[in-house]
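Colleague: My structure file query.cif, mmCIF, C-alpha atoms, is below:
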```cif
data_data
#
loop_
_atom_site.label_atom_id
_atom_site.label_comp_id
_atom_site.auth_asym_id
_atom_site.auth_seq_id
_atom_site.Cartn_x
_atom_site.Cartn_y
_atom_site.Cartn_z
CA MET A 1 0.00 0.00 0.00
CA ASP A 2 2.83 2.43 0.80
CA LYS A 3 4.39 1.85 -2.60
CA GLY A 4 1.01 2.26 -4.26
CA LEU A 5 0.49 5.69 -2.67
CA GLY A 6 3.59 7.26 -4.14
CA PHE A 7 3.74 10.42 -6.20
CA ASP A 8 3.06 8.46 -9.40
CA TYR A 9 -0.15 7.19 -7.88
CA PHE A 10 -1.35 10.71 -7.18
CA LEU A 11 -0.50 11.87 -10.70
CA ALA A 12 -2.43 8.93 -12.12
CA GLN A 13 -5.59 10.23 -10.43
CA ILE A 14 -5.43 13.66 -12.09
CA ASP A 15 -7.89 14.28 -14.92
CA GLY A 16 -7.65 16.77 -17.80
CA VAL A 17 -8.46 19.81 -15.63
CA GLY A 18 -5.88 18.82 -13.04
CA ILE A 19 -3.25 18.26 -15.73
CA SER A 20 -3.97 21.72 -17.12
CA VAL A 21 -3.54 23.31 -13.69
CA LEU A 22 -0.32 21.34 -13.12
CA VAL A 23 1.13 22.34 -16.50
CA LEU A 24 0.19 25.99 -15.94
CA LEU A 25 1.88 26.08 -12.53
CA ILE A 26 5.01 24.39 -13.84
CA SER A 27 5.14 26.80 -16.80
CA LEU A 28 4.81 29.82 -14.51
CA SER A 29 7.54 28.42 -12.26
CA ILE A 30 9.95 27.86 -15.17
CA ALA A 31 9.25 31.29 -16.66
CA SER A 32 9.61 33.14 -13.35
CA TRP A 33 12.83 31.33 -12.39
CA TYR A 34 14.28 32.00 -15.84
CA LEU A 35 13.56 35.73 -15.43
CA ILE A 36 14.82 35.76 -11.84
CA ILE A 37 18.16 34.20 -12.81
CA THR A 38 18.71 36.18 -16.02
CA LYS A 39 17.70 39.52 -14.50
CA SER A 40 19.88 38.92 -11.44
CA ILE A 41 22.90 38.25 -13.65
CA SER A 42 22.06 41.21 -15.90
CA ASN A 43 21.67 43.55 -12.92
CA PHE A 44 24.98 42.42 -11.44
CA ILE A 45 26.82 43.02 -14.73
CA ALA A 46 25.10 46.39 -15.23
CA LYS A 47 26.08 47.54 -11.74
CA ARG A 48 29.72 46.53 -12.21
CA ARG A 49 29.94 48.26 -15.60
CA ALA A 50 28.26 51.39 -14.24
CA GLU A 51 30.71 51.62 -11.34
CA GLU A 52 33.64 51.30 -13.74
CA PHE A 53 32.26 54.00 -16.02
CA LEU A 54 31.48 56.42 -13.17
CA LYS A 55 34.99 55.96 -11.80
CA PHE A 56 36.39 56.80 -15.23
CA PHE A 57 33.94 59.68 -15.76
CA TRP A 58 34.89 61.54 -12.60
CA SER A 59 38.62 60.97 -13.13
CA VAL A 60 38.97 62.66 -16.54
CA GLU A 61 39.76 66.32 -17.15
CA SER A 62 36.91 67.22 -19.50
CA LEU A 63 33.79 66.01 -21.27
CA LYS A 64 35.84 65.88 -24.46
CA GLU A 65 37.80 62.92 -23.08
CA VAL A 66 34.55 61.24 -22.09
CA ASN A 67 33.15 61.79 -25.57
CA GLU A 68 36.27 60.35 -27.21
CA ASN A 69 36.05 57.26 -25.02
CA LEU A 70 32.35 56.79 -25.75
CA ASN A 71 32.91 57.18 -29.49
CA SER A 72 35.66 54.57 -29.46
CA SER A 73 33.36 51.87 -28.07
CA THR A 74 29.64 51.24 -27.71
CA PRO A 75 28.26 52.33 -24.30
CA ASN A 76 27.58 49.17 -22.30
CA ASN A 77 25.63 50.59 -19.37
CA ALA A 78 22.84 53.08 -18.68
CA PHE A 79 25.15 55.76 -17.23
CA ALA A 80 27.43 55.70 -20.28
CA GLN A 81 24.42 55.84 -22.59
CA LEU A 82 23.02 58.81 -20.70
CA ALA A 83 26.38 60.60 -20.80
CA LYS A 84 26.66 60.05 -24.55
CA LEU A 85 23.09 61.25 -25.00
CA ALA A 86 23.80 64.42 -23.03
CA ILE A 87 27.02 65.22 -24.92
CA ASP A 88 25.44 64.51 -28.31
CA THR A 89 22.42 66.65 -27.38
CA ALA A 90 24.66 69.53 -26.32
CA ASP A 91 26.67 69.32 -29.56
CA ASP A 92 23.49 69.06 -31.62
CA SER A 93 22.02 72.08 -29.86
CA LYS A 94 25.13 74.14 -30.65
CA LEU A 95 25.13 73.01 -34.26
CA HIS A 96 21.48 73.75 -35.05
CA ASP A 97 20.78 76.30 -32.32
CA SER A 98 16.98 76.79 -32.34
CA GLN A 99 16.44 75.96 -36.00
CA LYS A 100 15.03 72.51 -35.18
CA LEU A 101 11.68 72.02 -33.47
CA ALA A 102 13.32 69.69 -30.93
CA ALA A 103 15.64 72.51 -29.83
CA ALA A 104 12.86 75.04 -29.42
CA GLY A 105 12.84 76.62 -25.97
CA GLY A 106 16.60 76.83 -25.57
CA THR A 107 19.45 74.51 -24.74
CA SER A 108 18.32 73.89 -21.16
CA GLU A 109 14.86 72.72 -22.18
CA PHE A 110 16.29 70.64 -25.01
CA MET A 111 18.73 68.96 -22.62
CA THR A 112 16.00 68.41 -20.01
CA ARG A 113 13.77 66.61 -22.49
CA ALA A 114 16.64 64.49 -23.79
CA LEU A 115 17.75 63.40 -20.30
CA ARG A 116 14.18 62.67 -19.23
CA ASN A 117 13.64 60.54 -22.32
CA GLY A 118 16.88 58.67 -21.63
CA ILE A 119 15.81 57.88 -18.06
CA ASP A 120 12.34 56.84 -19.21
CA GLN A 121 13.86 54.41 -21.72
CA GLU A 122 16.06 52.88 -19.03
CA SER A 123 13.06 52.65 -16.71
CA ALA A 124 11.14 50.72 -19.36
CA HIS A 125 14.17 48.50 -19.94
CA VAL A 126 14.69 47.51 -16.29
CA GLU A 127 10.99 46.71 -15.88
CA ASN A 128 11.04 44.07 -18.63
CA GLY A 129 9.85 40.75 -17.22
CA LEU A 130 8.54 42.15 -13.94
CA THR A 131 4.94 41.85 -15.10
CA LEU A 132 5.30 38.10 -15.58
CA ILE A 133 7.05 37.67 -12.22
CA ALA A 134 4.35 39.70 -10.49
CA SER A 135 1.63 37.71 -12.26
CA ALA A 136 3.22 34.43 -11.17
CA GLY A 137 3.45 35.64 -7.59
CA SER A 138 -0.12 36.86 -7.41
CA ALA A 139 -1.95 34.27 -9.53
CA SER A 140 -0.19 31.03 -8.56
CA PRO A 141 -1.82 30.64 -5.12
CA TYR A 142 -5.26 31.00 -6.69
CA ILE A 143 -4.41 28.57 -9.49
CA GLY A 144 -3.18 26.10 -6.85
CA LEU A 145 -6.34 26.74 -4.82
CA PHE A 146 -8.45 25.88 -7.85
CA GLY A 147 -6.52 22.61 -8.18
CA THR A 148 -7.08 21.99 -4.47
CA VAL A 149 -10.83 22.51 -4.79
CA TRP A 150 -10.90 20.24 -7.83
CA GLY A 151 -9.04 17.51 -5.91
CA ILE A 152 -11.45 17.76 -2.94
CA TYR A 153 -14.35 17.55 -5.36
CA HIS A 154 -12.92 14.29 -6.70
CA ALA A 155 -12.56 13.00 -3.14
CA LEU A 156 -16.21 13.74 -2.42
CA ILE A 157 -17.23 12.00 -5.64
CA GLN A 158 -15.26 8.91 -4.62
CA ILE A 159 -16.89 8.90 -1.18
CA GLY A 160 -20.33 9.28 -2.73
CA LEU A 161 -19.82 6.46 -5.20
CA SER A 162 -18.32 4.02 -2.70
CA GLY A 163 -20.42 5.00 0.29
CA GLN A 164 -17.33 4.98 2.52
CA GLY A 165 -14.39 7.29 3.03
CA THR A 166 -11.61 4.73 3.21
CA LEU A 167 -8.03 5.70 2.46
CA ASP A 168 -7.83 3.84 -0.81
CA LYS A 169 -10.85 5.76 -2.11
CA VAL A 170 -9.83 9.30 -1.18
CA ALA A 171 -6.02 9.12 -1.06
CA GLY A 172 -5.61 9.97 -4.75
CA PRO A 173 -7.94 13.01 -4.89
CA VAL A 174 -6.76 14.35 -1.53
CA GLY A 175 -3.13 13.86 -2.57
CA GLU A 176 -3.91 15.76 -5.79
CA ALA A 177 -5.40 18.61 -3.75
CA LEU A 178 -2.37 18.83 -1.46
CA ILE A 179 0.07 18.71 -4.38
CA MET A 180 -1.74 21.59 -6.10
CA THR A 181 -1.64 23.66 -2.92
CA ALA A 182 2.08 23.03 -2.45
CA LEU A 183 2.86 23.82 -6.10
CA GLY A 184 0.92 27.07 -5.97
CA LEU A 185 2.89 28.23 -2.93
CA ALA A 186 6.19 26.99 -4.36
CA VAL A 187 5.66 29.11 -7.46
CA ALA A 188 4.29 32.19 -5.68
CA ILE A 189 6.74 32.67 -2.79
CA PRO A 190 9.98 32.97 -4.83
CA ALA A 191 8.21 35.15 -7.42
CA VAL A 192 6.92 37.59 -4.80
CA LEU A 193 10.29 37.84 -3.05
CA ALA A 194 12.11 38.32 -6.34
CA TYR A 195 9.62 40.95 -7.52
CA ASN A 196 10.04 43.01 -4.36
CA ALA A 197 13.83 42.76 -4.63
CA PHE A 198 13.84 43.84 -8.28
CA VAL A 199 11.48 46.76 -7.63
CA ARG A 200 13.72 48.01 -4.81
CA ARG A 201 16.83 47.60 -6.97
CA ASN A 202 15.20 49.47 -9.86
CA ARG A 203 14.13 52.31 -7.58
CA ILE A 204 17.68 52.77 -6.31
CA TRP A 205 19.14 52.36 -9.81
CA LEU A 206 16.86 54.98 -11.36
CA SER A 207 17.47 57.31 -8.42
CA ARG A 208 21.22 57.15 -9.07
CA LEU A 209 20.63 57.64 -12.78
CA ASP A 210 18.46 60.65 -12.00
CA ALA A 211 21.23 62.12 -9.85
CA PHE A 212 23.77 61.53 -12.63
CA ALA A 213 21.43 63.27 -15.07
CA HIS A 214 21.51 66.27 -12.72
CA ASP A 215 25.31 66.35 -12.94
CA LEU A 216 25.24 65.99 -16.73
CA PHE A 217 22.76 68.82 -17.02
CA ILE A 218 25.03 71.12 -15.03
CA LEU A 219 28.16 70.09 -16.95
CA THR A 220 26.60 70.47 -20.41
CA THR A 221 24.57 73.66 -19.84
CA VAL A 222 25.71 75.79 -16.91
CA GLY A 223 29.31 74.60 -17.17
CA ASP A 224 29.35 75.35 -20.87
CA LYS A 225 28.02 78.88 -20.35
CA ASN A 226 30.78 79.53 -17.85
CA GLY A 227 33.37 78.30 -20.29
CA ALA A 228 33.99 75.17 -18.22
CA HIS A 229 32.80 72.64 -20.77
CA THR A 230 36.33 71.48 -21.48
CA ASN A 231 37.85 72.25 -18.10
CA LYS A 232 38.28 69.92 -15.19
CA ALA A 233 35.08 68.30 -14.05
CA PRO A 234 33.72 69.13 -10.57
CA SER A 235 34.41 66.96 -7.58
CA PRO A 236 32.93 63.47 -8.02
CA HIS A 237 29.54 63.00 -6.44
CA PRO A 238 27.65 60.47 -8.54
CA VAL A 239 24.79 60.36 -6.07
CA SER A 240 23.95 64.06 -5.83
CA PRO A 241 20.38 65.23 -5.06
CA PRO A 242 18.23 64.76 -8.19
CA LEU A 243 16.50 67.62 -9.97
CA THR A 244 12.75 67.51 -10.30
CA PHE A 245 12.99 67.85 -14.08
CA THR A 246 14.14 64.25 -14.45
CA SER A 247 11.43 62.52 -12.45
CA THR A 248 7.65 62.76 -12.50
CA GLU A 249 6.91 60.32 -9.69
CA GLU A 250 7.87 60.04 -6.05
CA PRO A 251 9.61 56.75 -5.13
CA GLN A 252 7.29 54.47 -3.23
#
```
Step by step, read the file and then write its structure as structure tokens.

Modeller:
Amino acid sequence: MDKGLGFDYFLAQIDGVGISVLVLLISLSIASWYLIITKSISNFIAKRRAEEFLKFFWSVESLKEVNENLNSSTPNNAFAQLAKLAIDTADDSKLHDSQKLAAAGGTSEFMTRALRNGIDQESAHVENGLTLIASAGSASPYIGLFGTVWGIYHALIQIGLSGQGTLDKVAGPVGEALIMTALGLAVAIPAVLAYNAFVRRNRIWLSRLDAFAHDLFILTTVGDKNGAHTNKAPSPHPVSPPLTFTSTEEPQ
């Protein structure tokens, strides 16, 4: 009897609806774990590259050196991309002045829009995959609960048909119900924890990017007006207080 009540025995009792619930939970688990692993690796690499770039950025003498370095290789992190965007926008503004519609309103407004767009693009990039992880975390318990209810329904049917609730009659359906409950929780708990961790990381990441955009704005607009565009950069402070022009929402 013990051998007959193994996991294979429980799976043999599952009908088409139970198989569908099982496949859905397993699919959500695979998808969420794939995103958790790939995004964790991607975030680690992005952080390391950003730290290297910021160290280089605040060690050079002028934005010209930064521009030469960025032109020699493709920017591989959000901070380098934002720096290149700011320098290119400043050069473009000088070249066309206010002749283009995009530059209407002056260099400061043009730079503000460019930096805000750059941060918005990075925000959309870092949020890729979070919807699926959040969906797995929120929906899996209910999907497992549906499988649990379906398993209990089968147990009641077995009791009704046999007229007795012996173990051999209800073990399969009850085992199915418990397996569905456990699978729902096993999928949901890691997804919820990972989602919260990614949201916190993204909030900090975008806050630092916002602060760096503040520094770029000063260096490419105010610094340029004072004739300091090609002079030594100010003291390094990559996490300076952000300007309101680069963010439209308060961090939660």

Colleague: With segment 204-222 of chain A as the partner and 12 Å as the cut-off, tabulate the residues of segment 120-166 of chain A that qualify, each row holding the nearest pair of atoms and their distance in Å to one decimal, using all atoms listed in the file, sorted by chain and rising number, as a Markdown table.

Modeller:
```
| residue | atom | partner | partner_atom | distance |
| --- | --- | --- | --- | --- |
| A:Asp120 | CA | A:Leu206 | CA | 9.2 |
| A:Gln121 | CA | A:Leu206 | CA | 10.8 |
| A:Glu122 | CA | A:Leu206 | CA | 8.0 |
| A:Ser123 | CA | A:Leu206 | CA | 7.0 |
| A:Ala124 | CA | A:Leu206 | CA | 10.7 |
| A:His125 | CA | A:Leu206 | CA | 11.1 |
| A:Val126 | CA | A:Leu206 | CA | 9.2 |
| A:Glu127 | CA | A:Leu206 | CA | 11.1 |
```

Colleague: Please determine, counting all atoms listed in the file, which residue among A:Gly160, A:Gly175, A:Gly184, A:Gly118 has the shortest atom-to-atom distance to Tyr142 of chain A.

Modeller: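 Smallest distance to Tyr142 of chain A is found for A:Gly184.
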
Colleague: Atom CA of Asn71 of chain A and atom CA of Thr38 of chain A are how many Å apart?

Modeller: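 If I compute the distance from atom CA of Asn71 of chain A to atom CA of Thr38 of chain A, I get 28.7 Å.
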
Colleague: Select all residues near (29.9, 49.8, -10.8) (cut-off 12 Å, inclusive, file coordinates), counting all atoms listed in the file, and output them as a ChimeraX atom specification.

Modeller: /A:43-57,76-80,205,208,238

Colleague: Compare A:Ala83, A:Val199, A:Leu193, A:Met180 by their minimum atom-to-atom distance to Trp150 of chain A, counting all atoms listed in the file, and give me the closest one.

Modeller: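 So, comparing all the options, the nearest one is A:Met180.
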
Colleague: Restricting the calculation to all atoms listed in the file, which member of A:Ile119, A:Ile37, A:Val174, A:Leu132 is positioned closest to His154 of chain A?

Modeller: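 Among the listed residues, A:Val174 lies closest to His154 of chain A.
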
Colleague: Taking (14.7, 44.1, -10.8) in the coordinates of the supplied file, I want to know which residues reach to within 9 Å of it, counting only C-alpha atoms; could you give the answer as a list in words?

Modeller: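 Final list of nearby residues, as requested, is Ile36, Lys39, Ser40, Asn43, Val126, Glu127, Asn128, Gly129, Leu130, Ala194, Tyr195, Asn196, Ala197, Phe198, Val199, Arg200, Arg201, Asn202 and Arg203 of chain A.
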
Colleague: Which residues would end up in the selection if the PyMOL selection byres ((chain A and resi 177) around 10) were applied here, given that I need the answer as an MDAnalysis selection string?

Modeller: chainID A and resid 10 14 18 144:155 171:176 178:182

Colleague: Mind writing the picked residues with C-alpha atoms as a tab-separated table (two decimals), in the frame of the given file?

Modeller:
```tsv
chain	number	residue	atom	x	y	z
A	10	PHE	CA	-1.35	10.71	-7.18
A	14	ILE	CA	-5.43	13.66	-12.09
A	18	GLY	CA	-5.88	18.82	-13.04
A	144	GLY	CA	-3.18	26.10	-6.85
A	145	LEU	CA	-6.34	26.74	-4.82
A	146	PHE	CA	-8.45	25.88	-7.85
A	147	GLY	CA	-6.52	22.61	-8.18
A	148	THR	CA	-7.08	21.99	-4.47
A	149	VAL	CA	-10.83	22.51	-4.79
A	150	TRP	CA	-10.90	20.24	-7.83
A	151	GLY	CA	-9.04	17.51	-5.91
A	152	ILE	CA	-11.45	17.76	-2.94
A	153	TYR	CA	-14.35	17.55	-5.36
A	154	HIS	CA	-12.92	14.29	-6.70
A	155	ALA	CA	-12.56	13.00	-3.14
A	171	ALA	CA	-6.02	9.12	-1.06
A	172	GLY	CA	-5.61	9.97	-4.75
A	173	PRO	CA	-7.94	13.01	-4.89
A	174	VAL	CA	-6.76	14.35	-1.53
A	175	GLY	CA	-3.13	13.86	-2.57
A	176	GLU	CA	-3.91	15.76	-5.79
A	178	LEU	CA	-2.37	18.83	-1.46
A	179	ILE	CA	0.07	18.71	-4.38
A	180	MET	CA	-1.74	21.59	-6.10
A	181	THR	CA	-1.64	23.66	-2.92
A	182	ALA	CA	2.08	23.03	-2.45
```

Colleague: Could you put an axis-aligned box around every listed atom of segment 38-46 of chain A, padded by 4 Å on each side, and send me its centre and edge lengths in Å to one decimal, as AutoDock Vina command-line options?

Modeller:
```
--center_x 22.3 --center_y 41.3 --center_z -13.7 --size_x 17.1 --size_y 18.2 --size_z 12.6
```

Colleague: What is the distance, in Å and to one decimal place, between atom CA of Pro190 of chain A and atom CA of Ile143 of chain A?

Modeller: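 Computing the Euclidean distance for atom CA of Pro190 of chain A and atom CA of Ile143 of chain A yields 15.8 Å.
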
Colleague: What separation in Å, quoted to one decimal, exists between atom CA of Gly137 of chain A and atom CA of Ser29 of chain A?

Modeller: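 About the pair atom CA of Gly137 of chain A and atom CA of Ser29 of chain A: they are 9.5 Å apart.
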
Colleague: Restricting the calculation to all atoms listed in the file, which member of A:Thr131, A:Asn67, A:Ser27, A:Gln81 is positioned closest to Ala114 of chain A?

Modeller: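 Of A:Thr131, A:Asn67, A:Ser27, A:Gln81, the one nearest Ala114 of chain A is A:Gln81, counting all atoms listed in the file.
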
Colleague: Between A:Ala31, A:Ser20, A:Leu115, A:Ala139, which one has atoms that come closest to Leu82 of chain A, using only C-alpha atoms?

Modeller: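 Of A:Ala31, A:Ser20, A:Leu115, A:Ala139, the one nearest Leu82 of chain A is A:Leu115, counting only C-alpha atoms.
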